[in-house]
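The structure appears right after this line, and notes come after that.
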Amino acid sequence: MKCRILHTNDIHSNFQAFAQAATVIKEHRKGDTLLLDGGDFADFRSIELQGTDGCAAVELLDALGYDALTIGNNECFGKLDRLQKMANAGKVTFLSNNIHNLDHTPVTGVLPATIRTINGIRFLLTGSSPDQGPFNEGLGITITCYKEALKKVLATYRELYDVCIVLNHIGTQADHELAREIEGIDLILSAHDHQLYETPRMENGVMIHSAGAFGQHVGLIDIEVTTSGVVLLHSATISTATAKKDEQILAVLAANKKKAITRLQKPLSQLAQPLWHDMMEENPMTNLLADGLRDLLNCEFSIIGSGLVNGGCFDTITMKKLIEICPSPLNPTRVTIQGKQLKEALAATLEPTKCLQEARAPGFRGIYAGRLHISGGCVRHNGTELLSFTIGGEEVKDEQWYEVATSDHTERCPVYTMLHHYKNPTYCAEELKDVLRMYATQEKWVKKAYEHRFVLSEQEVVASS
């Protein structure tokens, strides 16, 4: 008995590339084919997903007849009800053997495993999702140990399957551990760390394959099930670079984009004053974000980089505009940090080249770090040097710990690394775009955003020149 398995992973809403992948899938799909995705298909930077609560992604998967998808970290971003809506919106099976509600009950629509029979072969499909640590509670989920969860699935389905495929959104190191430690697995389709395997890796008799990321390749595996086990007949990772875009996928995208824009462009508020933005200078858009974070998290001070916002807004506030200028799925975060780290960061941000350094990190959808902006404090400087820094009107002390509002990008930003030295982080389920929505629609906060927090001391400029 033979079967073909086609698989993708970590598409991250690169849907134009996915339209090319769809052409490759249709060219190589036969009647006895399983079509699977390893997760992070749905990245909510996409207008189509934001405006349909993720259901556009499900329509795309259903259009090609995907059998199953494992829930990655990106499918979890946002509220739990959005994940549930996606999981129940179409025919594709949403898998995760280790995601549960906070009370450890099953998430509606999400299955720990499923059986698919292809050409007489009973395939057990299961998948594991990554633990997001302190973010879990804010997202409304509990993540259990993926190894124990997989053992439980295998015990439950013992004697009921011929081939076990694990869609593992944990990473390649975990793949090899599973293959070594747990009996009963035949094939692991890897995801999460975007590895591209030209041929399957073998570990303890288990095949491990991965199709890279962003829709640039489609994985293909041909197997035969014999009395002695599962035999690999052929494998490939097929490039999508020269493939034409599939018209069916483009049509689904166009329909959902129209639907999303209609929903998202409804006016939320008319701005009392324009909220312009700049990557290197203090600006009201990033000041508004800093003010909103400090108020939302009830902190004495806040600090945030202007690179987390891509542009300004000058008249009408809509969710479409907020998604465009603040696409990163980053969360408001409360931390405790010492004055000396804050001073060092604010001194560094006075250097223009610092602002234009790339700040790429998980969850960040921008390019540059930008100028640091603050709320609850005042910085005096001469254009190049920090002269004084106060919080709440009092000079900041190097060894004192301060309650600070920021975003979770701070802990991963490769530019302002001095801000990594904090403790007691608390994360919110809201995203930065939600903070902008809450505060940009209130006139008093828009006016407050024009209050300068970086004060240029002309006398000191003359003295230092």
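Convention: chains lettered A, B, ... in structure tokens order; per-chain residue numbering from 1; ligands numbered from 1 as shown.
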
I'd like the neighbourhood of range 236-240 of chain A as an mmCIF file with N, CA and C atoms, in the first residue's frame, where a residue qualifies if any of its atoms comes within 9 Å (using only C-alpha atoms), though same-chain residues fewer than 3 positions away should be ignored.
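Dumped everything to part-v2.cif:
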data_model
loop_
_atom_site.group_PDB
_atom_site.id
_atom_site.type_symbol
_atom_site.label_atom_id
_atom_site.label_comp_id
_atom_site.auth_asym_id
_atom_site.auth_seq_id
_atom_site.Cartn_x
_atom_site.Cartn_y
_atom_site.Cartn_z
ATOM 1 N N ALA A 17 2.924 33.852 -2.224
ATOM 2 C CA ALA A 17 3.771 32.661 -2.381
ATOM 3 C C ALA A 17 2.937 31.389 -2.218
ATOM 4 N N PHE A 18 1.945 31.446 -1.325
ATOM 5 C CA PHE A 18 1.076 30.278 -1.143
ATOM 6 C C PHE A 18 0.287 29.991 -2.414
ATOM 7 N N GLN A 20 1.434 30.307 -5.335
ATOM 8 C CA GLN A 20 2.375 29.531 -6.151
ATOM 9 C C GLN A 20 2.499 28.102 -5.617
ATOM 10 N N ALA A 21 2.546 27.984 -4.292
ATOM 11 C CA ALA A 21 2.601 26.651 -3.681
ATOM 12 C C ALA A 21 1.370 25.827 -4.064
ATOM 13 N N ALA A 22 0.227 26.495 -4.181
ATOM 14 C CA ALA A 22 -1.005 25.792 -4.548
ATOM 15 C C ALA A 22 -0.883 25.146 -5.923
ATOM 16 N N THR A 23 -0.229 25.850 -6.840
ATOM 17 C CA THR A 23 -0.013 25.285 -8.177
ATOM 18 C C THR A 23 0.857 24.033 -8.102
ATOM 19 N N VAL A 24 1.917 24.098 -7.295
ATOM 20 C CA VAL A 24 2.797 22.941 -7.112
ATOM 21 C C VAL A 24 2.024 21.781 -6.486
ATOM 22 N N LEU A 196 14.753 23.831 6.214
ATOM 23 C CA LEU A 196 14.464 23.227 4.918
ATOM 24 C C LEU A 196 15.310 21.967 4.758
ATOM 25 N N TYR A 197 14.633 20.824 4.657
ATOM 26 C CA TYR A 197 15.322 19.547 4.468
ATOM 27 C C TYR A 197 15.116 19.089 3.021
ATOM 28 N N GLU A 198 16.195 18.949 2.277
ATOM 29 C CA GLU A 198 16.076 18.436 0.914
ATOM 30 C C GLU A 198 15.644 16.976 0.925
ATOM 31 N N THR A 199 16.137 16.238 1.905
ATOM 32 C CA THR A 199 15.731 14.841 2.095
ATOM 33 C C THR A 199 15.430 14.634 3.575
ATOM 34 N N PRO A 200 14.603 13.665 3.925
ATOM 35 C CA PRO A 200 14.281 13.440 5.338
ATOM 36 C C PRO A 200 15.513 13.059 6.150
ATOM 37 N N SER A 210 11.027 18.708 6.696
ATOM 38 C CA SER A 210 10.580 20.084 6.909
ATOM 39 C C SER A 210 10.672 20.843 5.593
ATOM 40 N N ALA A 211 9.685 21.709 5.347
ATOM 41 C CA ALA A 211 9.573 22.403 4.058
ATOM 42 C C ALA A 211 9.918 23.879 4.149
ATOM 43 N N GLY A 212 10.823 24.246 5.070
ATOM 44 C CA GLY A 212 11.292 25.628 5.113
ATOM 45 C C GLY A 212 10.255 26.576 5.682
ATOM 46 N N GLY A 215 6.077 29.647 2.221
ATOM 47 C CA GLY A 215 5.516 29.176 0.962
ATOM 48 C C GLY A 215 6.521 29.023 -0.150
ATOM 49 N N GLN A 216 7.797 29.032 0.186
ATOM 50 C CA GLN A 216 8.841 28.942 -0.842
ATOM 51 C C GLN A 216 9.081 27.512 -1.315
ATOM 52 N N HIS A 217 8.627 26.540 -0.536
ATOM 53 C CA HIS A 217 8.788 25.132 -0.905
ATOM 54 C C HIS A 217 7.568 24.333 -0.450
ATOM 55 N N VAL A 218 7.336 23.233 -1.142
ATOM 56 C CA VAL A 218 6.340 22.238 -0.749
ATOM 57 C C VAL A 218 7.083 20.926 -0.511
ATOM 58 N N GLY A 219 6.815 20.304 0.635
ATOM 59 C CA GLY A 219 7.438 19.019 0.931
ATOM 60 C C GLY A 219 6.658 17.873 0.312
ATOM 61 N N LEU A 220 7.381 16.876 -0.175
ATOM 62 C CA LEU A 220 6.755 15.698 -0.792
ATOM 63 C C LEU A 220 7.435 14.440 -0.267
ATOM 64 N N ILE A 221 6.627 13.494 0.175
ATOM 65 C CA ILE A 221 7.132 12.204 0.647
ATOM 66 C C ILE A 221 6.237 11.097 0.098
ATOM 67 N N ALA A 243 6.650 28.805 -10.143
ATOM 68 C CA ALA A 243 5.269 28.355 -10.354
ATOM 69 C C ALA A 243 4.339 29.546 -10.570
ATOM 70 N N LYS A 244 3.340 29.352 -11.407
ATOM 71 C CA LYS A 244 2.320 30.376 -11.592
ATOM 72 C C LYS A 244 1.414 30.424 -10.362
#

Within 7 Å of range 247-249 of chain A, counting only C-alpha atoms, which residues show up once you throw out same-chain ones fewer than 3 positions away? Write them as JSON, numbers by chain, please. {"A": [19, 60, 252, 253]}

Which residues, written as a PyMOL selection string, have at least one atom at most 8 Å from range 393-409 of chain A, with only C-alpha atoms counted and residues fewer than 2 positions away on the same chain left out? chain A and resi 290+293-294+297+299-304+330-341+343+361-364+377-378+388-391+411-413+427+432

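Minimum atom-to-atom distance to Arg453 in chain A, evaluated using only C-alpha atoms, belongs to A:Pro284 out of A:Gly370, A:Gly205, A:Pro284, A:Gly305.
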
Spatial neighbours of Asn256 in chain A, max dist 8 Å, only C-alpha atoms, sep filter under 3 positions, as a CSV table (one decimal) with N, CA and C atoms, in the first residue's frame:
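Saved as part.csv:
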chain,number,residue,atom,x,y,z
A,48,GLU,N,-6.5,40.4,5.4
A,48,GLU,CA,-7.5,39.4,5.2
A,48,GLU,C,-7.9,38.6,6.4
A,52,THR,N,-11.4,39.1,9.0
A,52,THR,CA,-12.3,37.9,9.0
A,52,THR,C,-12.1,37.0,10.2
A,56,ALA,N,-10.4,33.7,6.7
A,56,ALA,CA,-9.8,33.7,5.4
A,56,ALA,C,-8.8,32.6,5.2
A,252,VAL,N,-10.0,33.5,-3.8
A,252,VAL,CA,-10.4,33.4,-2.4
A,252,VAL,C,-9.8,34.6,-1.6
A,253,LEU,N,-8.5,34.9,-2.0
A,253,LEU,CA,-7.8,36.1,-1.3
A,253,LEU,C,-8.6,37.4,-1.6
A,259,LYS,N,-14.0,41.7,1.8
A,259,LYS,CA,-14.8,41.5,3.0
A,259,LYS,C,-14.2,42.2,4.2
A,260,ALA,N,-12.8,42.0,4.3
A,260,ALA,CA,-12.1,42.5,5.4
A,260,ALA,C,-12.0,44.0,5.4

Check the DSSP output for the backbone and give back, as a PyMOL selection string, the residues of range 213-425 of chain A in helix (DSSP H, G or I). chain A and resi 247-264+284-297+306-308+319-325+339-348+352-355+408-411+417-420

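Of the residues listed (A:Asn287, A:Thr384, A:Thr108, A:Asn119), A:Asn287 shows the shortest atom-to-atom separation from Glu451 in chain A; distances use only C-alpha atoms.
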
Spatial neighbours of range 434-436 of chain A, max dist 10 Å, only C-alpha atoms, sep filter under 4 positions, as a CSV table (one decimal) with N, CA and C atoms, in the first residue's frame:
chain,number,residue,atom,x,y,z
A,285,MET,N,2.6,60.3,17.6
A,285,MET,CA,2.0,58.9,17.4
A,285,MET,C,2.7,58.0,18.5
A,286,THR,N,4.0,58.0,18.6
A,286,THR,CA,4.7,57.1,19.5
A,286,THR,C,4.5,57.6,20.9
A,288,LEU,N,1.7,58.9,22.0
A,288,LEU,CA,0.4,58.4,22.4
A,288,LEU,C,0.5,56.9,22.8
A,289,LEU,N,1.3,56.1,22.1
A,289,LEU,CA,1.5,54.7,22.4
A,289,LEU,C,2.1,54.6,23.8
A,290,ALA,N,3.1,55.4,24.1
A,290,ALA,CA,3.8,55.4,25.4
A,290,ALA,C,2.8,55.8,26.5
A,291,ASP,N,2.0,56.9,26.3
A,291,ASP,CA,1.0,57.3,27.3
A,291,ASP,C,0.0,56.2,27.5
A,292,GLY,N,-0.5,55.6,26.4
A,292,GLY,CA,-1.5,54.5,26.5
A,292,GLY,C,-1.0,53.3,27.3
A,293,LEU,N,0.2,52.9,27.1
A,293,LEU,CA,0.8,51.8,27.8
A,293,LEU,C,0.9,52.1,29.3
A,295,ASP,N,-0.8,54.2,31.1
A,295,ASP,CA,-2.1,54.3,31.7
A,295,ASP,C,-2.8,52.9,31.8
A,296,LEU,N,-2.7,52.1,30.7
A,296,LEU,CA,-3.3,50.8,30.7
A,296,LEU,C,-2.7,49.9,31.7
A,309,VAL,N,5.9,51.3,15.3
A,309,VAL,CA,4.8,51.9,14.5
A,309,VAL,C,5.4,52.3,13.2
A,317,ILE,N,-9.6,57.6,12.2
A,317,ILE,CA,-9.0,56.4,12.7
A,317,ILE,C,-9.9,55.2,12.3
A,319,MET,N,-9.7,50.6,12.0
A,319,MET,CA,-8.9,49.5,12.3
A,319,MET,C,-8.0,49.1,11.2
A,322,LEU,N,-4.9,51.2,11.6
A,322,LEU,CA,-4.1,50.8,12.7
A,322,LEU,C,-3.4,49.5,12.4
A,323,ILE,N,-4.0,48.6,11.7
A,323,ILE,CA,-3.3,47.3,11.3
A,323,ILE,C,-2.1,47.6,10.4
A,326,CYS,N,0.6,49.5,12.5
A,326,CYS,CA,1.1,48.7,13.7
A,326,CYS,C,0.8,47.2,13.5
A,331,ASN,N,2.7,42.5,22.6
A,331,ASN,CA,1.8,42.7,23.7
A,331,ASN,C,2.3,43.8,24.7
A,332,PRO,N,1.4,44.6,25.3
A,332,PRO,CA,1.8,45.4,26.4
A,332,PRO,C,2.4,44.6,27.5
A,429,ALA,N,-3.0,40.4,27.1
A,429,ALA,CA,-3.5,39.8,25.8
A,429,ALA,C,-3.7,40.8,24.7
A,430,GLU,N,-3.9,42.0,25.1
A,430,GLU,CA,-4.1,43.0,24.0
A,430,GLU,C,-2.8,43.2,23.2
A,440,ALA,N,-6.2,56.6,20.8
A,440,ALA,CA,-6.3,57.6,19.7
A,440,ALA,C,-7.8,58.0,19.5
A,441,THR,N,-8.7,57.3,20.0
A,441,THR,CA,-10.1,57.7,19.8
A,441,THR,C,-10.6,58.6,21.0

Among A:His12, A:His420, A:Lys85, A:Lys320, Asp43 in chain A is approached most closely, using only C-alpha atoms, by A:His12

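The neighbours of Val206 in chain A here are the residues that come within 12 Å of it, using only C-alpha atoms and leaving out any residue fewer than 4 positions away in the same chain; they are Val163, Cys164, Ile165, Val166, Asp175, His176, Glu177, Leu178, Ala179, Arg180, Glu181, Ile182, Glu183, Gly184, Ile185, Asp186, Leu187, Ile188, Leu189, Pro200, Arg201, Met202, Gly229, Val230, Val231 and Leu232 of chain A.
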
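Distances from A:Leu387, A:Ala345, A:Leu61, A:Leu111 to Gly90 in chain A were compared using only C-alpha atoms, and the smallest one belongs to A:Leu61.
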
So, counting only C-alpha atoms, which residue among A:His209, A:Ser328, A:Tyr157, A:Asp37 is closest to Thr172 in chain A? A:His209

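Counting only C-alpha atoms and comparing A:Thr417, A:Thr126, A:Thr316, A:Ser457, the residue that lies closest to Thr93 in chain A is A:Thr126.
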